[in-house]
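The structure under discussion appears below in the form of structure tokens.
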Amino acid sequence: MTSFAEPHAPLVARSVVLDQDTASSLLDLLPDRGPLCWLRRGEGIVGWGEAASIRTAGADRFADADAWWTTLTGRAVVRDEVNRPGSGLVAFGSFAFADAPGESMLVVPEVVVGRRGGVTWLTTVSRGGLDVEGHLAPVEPVRAPSGIVFADGALDGERWMSVVADAVARIGRGDLEKVVLARDLLATADDDVDVRWPLQRLAEDYPMCWTFHVEGLFGATPEMLVRRERGLVTSRVLAGTIRRTGDDEHDLALAAALARSSKDLEEHEYAVRSVADALGPYCSSFNVPESPFVLHLPNVMHLATDVAGVVDDARPVSSLRLAEALHPSAAVGGTPTEVAVALIEAIEGMDRGRYAGPVGWMDAAGDGEWGIALRSGLIEGRTVRLFAGCGIVGASDPEAELAETQAKFVPVRDAVSPSA
Ligand SMILES: C=C(O[C@@H]1C=C(C(=O)O)C=C[C@H]1O)C(=O)O
């Protein structure tokens, strides 16, 4: 199933350098309606309005979106005075975790403001000339959520732990090696939630993560599924988690224990292998570090591996098609992939929607960044559905996994609370 809104005339895009104070946050430019965001350490792109979009679903959701983008950009007229990854014509995208159910989308904003290496630019997209300066109008003040109440999502903690125990038993029987199981929480506010509020909190509190928003799905993910930039492909694989205590000395000891934990190293190895196997065919050379490092986030620490490769010129492939090849990695699916994905559908008891799917952006050359939509929530009017999951292996303990989900809820939980 595919539907799209595309103007009949070719799109006209123009990118110009903006004289902007780099200390000002790009988030402050976002209007209330239809904001789009991809930011890390103050750099990245924000956008709003909709010049064109496509919605896809099913097993061909990536291929259909990619083909539409190739046609659209092939016909577009682009005047790019900035020439950086993310300038010129770009689309933001968010893809469903599973083939079914769930909708995926690419959205081409009417206005994009980007920043990279201290240079800020403005891109406008239309069917004709737009008044460039007129697009940075003052925006409505950000509304703090009020009256937030949290409740269990599809499964309460007890039921979710029994699902984890079931998965551990199946792993023990040899049905599979690893499966990632997630759960959700529901937050309800008095009024419609203004996504700009949690985006500002997340960008401030998790600067090392990618803060994103596409059509209601927002979050701050630490995990980069794939970045393609001028022939270089990189991926940050995470798997193996420990909660932080807030006591720095104790946390350092925990980090050292994490780096030696055979349960976490096993879980991590599955994830790295799944990424290396999927990227290998598209790369002429490839580097996988021998052992992971520990990534310190404010709420948790992860075992992390940065994989890098050079795209094989004989097999040109867009960043979105690379994301398709990698998704779902064992960091969010399991090993073997098909068995794990079928088990998730059978026992997890909730619809992931776009949680744990690729989220990010792509430019006309096919370069782009696709993170995994983790540490995320979905806004639907007054409600926010928060998601968190954990890799389950033979040595997993349901109670410890439940505690891990609680630690992973923290970023979005705090971000939707009135004063974080
Ligand atoms: C599934 C999530 O996180 C994934 C699972 C991890 C783990 O089990 O250790 C670590 C990072 C992510 O790859 C999530 O945050 O919802």
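Going by the structure tokens order, chains are called A, B, ..., each with residues numbered from 1, while ligands are numbered from 1 in the order shown.
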Using only C-alpha atoms, which protein or nucleic acid residues come within 7 Å of region 401-409 of chain A? Drop anything in the same chain fewer than 6 positions from it, and give the result as a PDB file with N, CA and C atoms, in the first residue's frame.
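Written out: result21.pdb:
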ATOM      1  N   GLY A 157       3.939  -4.879  34.372  1.00  0.00           N
ATOM      2  CA  GLY A 157       5.287  -5.400  34.620  1.00  0.00           C
ATOM      3  C   GLY A 157       5.310  -6.909  34.843  1.00  0.00           C
ATOM      4  N   MET A 161       7.171  -9.669  32.539  1.00  0.00           N
ATOM      5  CA  MET A 161       8.244 -10.551  33.046  1.00  0.00           C
ATOM      6  C   MET A 161       7.953 -12.011  32.697  1.00  0.00           C
ATOM      7  N   ARG A 243      22.396  -0.065  34.225  1.00  0.00           N
ATOM      8  CA  ARG A 243      21.837   1.199  34.703  1.00  0.00           C
ATOM      9  C   ARG A 243      22.890   1.997  35.440  1.00  0.00           C
ATOM     10  N   ASN A 299      21.412   8.050  31.818  1.00  0.00           N
ATOM     11  CA  ASN A 299      20.571   7.063  32.524  1.00  0.00           C
ATOM     12  C   ASN A 299      21.140   5.653  32.518  1.00  0.00           C
ATOM     13  N   VAL A 300      21.840   5.280  31.444  1.00  0.00           N
ATOM     14  CA  VAL A 300      22.362   3.911  31.310  1.00  0.00           C
ATOM     15  C   VAL A 300      23.739   3.943  30.644  1.00  0.00           C
ATOM     16  N   ARG A 375      14.346   4.957  22.815  1.00  0.00           N
ATOM     17  CA  ARG A 375      14.186   6.008  23.833  1.00  0.00           C
ATOM     18  C   ARG A 375      13.194   7.020  23.270  1.00  0.00           C
ATOM     19  N   LEU A 386       5.098   5.538  25.479  1.00  0.00           N
ATOM     20  CA  LEU A 386       6.556   5.440  25.633  1.00  0.00           C
ATOM     21  C   LEU A 386       6.975   3.989  25.422  1.00  0.00           C
ATOM     22  N   PHE A 387       8.134   3.788  24.804  1.00  0.00           N
ATOM     23  CA  PHE A 387       8.588   2.432  24.497  1.00  0.00           C
ATOM     24  C   PHE A 387       9.972   2.162  25.085  1.00  0.00           C
ATOM     25  N   ALA A 388      10.191   0.912  25.494  1.00  0.00           N
ATOM     26  CA  ALA A 388      11.547   0.492  25.890  1.00  0.00           C
ATOM     27  C   ALA A 388      11.650  -1.019  25.764  1.00  0.00           C
ATOM     28  N   GLY A 389      12.808  -1.477  25.311  1.00  0.00           N
ATOM     29  CA  GLY A 389      12.990  -2.917  25.145  1.00  0.00           C
ATOM     30  C   GLY A 389      14.385  -3.353  25.562  1.00  0.00           C
ATOM     31  N   CYS A 390      14.572  -4.674  25.659  1.00  0.00           N
ATOM     32  CA  CYS A 390      15.847  -5.250  26.111  1.00  0.00           C
ATOM     33  C   CYS A 390      16.153  -6.509  25.325  1.00  0.00           C
TER      34      CYS A 390
END
Report task. For ligand 1, list the contacting residues at 9 Å or closer, counting only C-alpha atoms and all ligand atoms, as a count of residues only. Result -> 44
Query raised in the report: Which neighbours of Leu254 (chain A) fall inside 10 Å, counting only C-alpha atoms, when residues of the same chain fewer than 3 positions from it are skipped, and could you give them as a list in words?
Result: Ile242, Arg243, Arg244, Thr245, Asp248, Glu249, His250, Asp251, Ala257, Leu258, Ala259, Arg260 and Met301 of chain A
Query raised in the report: Mind checking DSSP for region 4-103 of chain A and telling me the helix (DSSP H, G or I) residues as a list of chain:residue names?
Result: A:Leu26, A:Leu27, A:Asp28, A:Leu29, A:Arg61, A:Phe62, A:Ala63, A:Asp64, A:Ala65, A:Asp66, A:Ala67, A:Trp68, A:Trp69, A:Thr70, A:Thr71, A:Leu72, A:Thr73, A:Gly74, A:Arg75
Could the residues in this selection be written to a file with C-alpha atoms, as an mmCIF file, in the first residue's frame?
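Output file again_29.cif follows:
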data_model
loop_
_atom_site.group_PDB
_atom_site.id
_atom_site.type_symbol
_atom_site.label_atom_id
_atom_site.label_comp_id
_atom_site.auth_asym_id
_atom_site.auth_seq_id
_atom_site.Cartn_x
_atom_site.Cartn_y
_atom_site.Cartn_z
ATOM 1 C CA LEU A 26 17.556 25.361 15.936
ATOM 2 C CA LEU A 27 14.690 24.003 18.050
ATOM 3 C CA ASP A 28 13.668 27.582 18.867
ATOM 4 C CA LEU A 29 12.741 28.040 15.190
ATOM 5 C CA ARG A 61 7.938 0.087 2.471
ATOM 6 C CA PHE A 62 11.615 1.030 2.033
ATOM 7 C CA ALA A 63 11.853 0.196 -1.686
ATOM 8 C CA ASP A 64 8.643 2.106 -2.520
ATOM 9 C CA ALA A 65 9.756 5.180 -0.578
ATOM 10 C CA ASP A 66 13.226 5.063 -2.131
ATOM 11 C CA ALA A 67 11.858 4.786 -5.692
ATOM 12 C CA TRP A 68 9.510 7.736 -5.072
ATOM 13 C CA TRP A 69 12.422 9.801 -3.727
ATOM 14 C CA THR A 70 14.626 8.979 -6.719
ATOM 15 C CA THR A 71 11.898 10.122 -9.137
ATOM 16 C CA LEU A 72 11.081 13.244 -7.127
ATOM 17 C CA THR A 73 14.698 14.376 -6.780
ATOM 18 C CA GLY A 74 15.424 13.498 -10.416
ATOM 19 C CA ARG A 75 12.770 15.988 -11.555
#
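Separating CA of Pro292 (chain A) from CA of Ala167 (chain A) is a distance of 25.9 Å.
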Each residue of region 349-386 of chain A lying at most 8 Å from region 228-235 of chain A should get a row with its shortest atom-to-atom pair and the distance in Å to one decimal, counting only C-alpha atoms; could you produce that, ordered by chain and increasing number, as a tab-separated table?
residue	atom	partner	partner_atom	distance
A:Gly366	CA	A:Arg228	CA	7.9
A:Asp367	CA	A:Arg228	CA	5.0
A:Gly368	CA	A:Arg228	CA	5.5
A:Glu369	CA	A:Arg228	CA	6.6
Requested in this report: Please provide as a PyMOL selection string all residues within 6 Å of Phe212 (chain A), with the sequence filter that same-chain residues fewer than 6 positions apart are discarded (counting only C-alpha atoms).
Outcome: chain A and resi 37-38+218-219
Report task. Enumerate the residues of region 2-69 of chain A with a DSSP assignment of strand (DSSP E), computed from the backbone, and present them as a PyMOL selection string. Result -> chain A and resi 2-5+12-18+36-40+43-48+52-56
Please write the residues from the selection above to a file, keeping C-alpha atoms, as a compact mmCIF listing (two decimals), in the first residue's frame.
# COMPACT_ATOMS: atom_id res chain seq x y z
CA THR A 2 1.44 3.33 -1.04
CA SER A 3 -0.03 6.81 -1.11
CA PHE A 4 1.62 10.10 -1.81
CA ALA A 5 1.03 13.83 -2.05
CA VAL A 12 12.15 23.88 -6.64
CA ALA A 13 14.63 23.91 -3.76
CA ARG A 14 17.04 26.63 -2.80
CA SER A 15 19.65 26.55 -0.04
CA VAL A 16 21.40 29.68 1.20
CA VAL A 17 23.81 30.32 4.07
CA LEU A 18 22.14 32.07 7.00
CA LEU A 36 10.47 17.82 12.06
CA CYS A 37 13.77 17.36 13.82
CA TRP A 38 17.10 15.56 13.66
CA LEU A 39 19.71 17.10 15.97
CA ARG A 40 22.81 16.11 17.87
CA GLU A 43 23.82 20.41 14.78
CA GLY A 44 21.60 18.72 12.24
CA ILE A 45 18.36 19.78 10.56
CA VAL A 46 14.93 20.97 11.58
CA GLY A 47 12.03 21.47 9.20
CA TRP A 48 8.34 22.28 8.90
CA ALA A 52 5.66 16.51 -0.70
CA SER A 53 5.30 13.22 1.15
CA ILE A 54 4.80 9.50 0.70
CA ARG A 55 3.29 6.89 2.98
CA THR A 56 4.20 3.25 2.53
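Across the model, the gap from CA of Thr120 (chain A) to CA of Asp19 (chain A) is 7.1 Å.
Nearest to Glu215 (chain A) of all the residues A:Gly381, A:Gly172, A:Pro10, A:Gly147 is A:Gly381, counting only C-alpha atoms.
Each of A:Pro31, A:Pro358, A:Pro138, A:Pro109 was checked against Arg321 (chain A) using only C-alpha atoms; the smallest atom-to-atom distance is that of A:Pro358.
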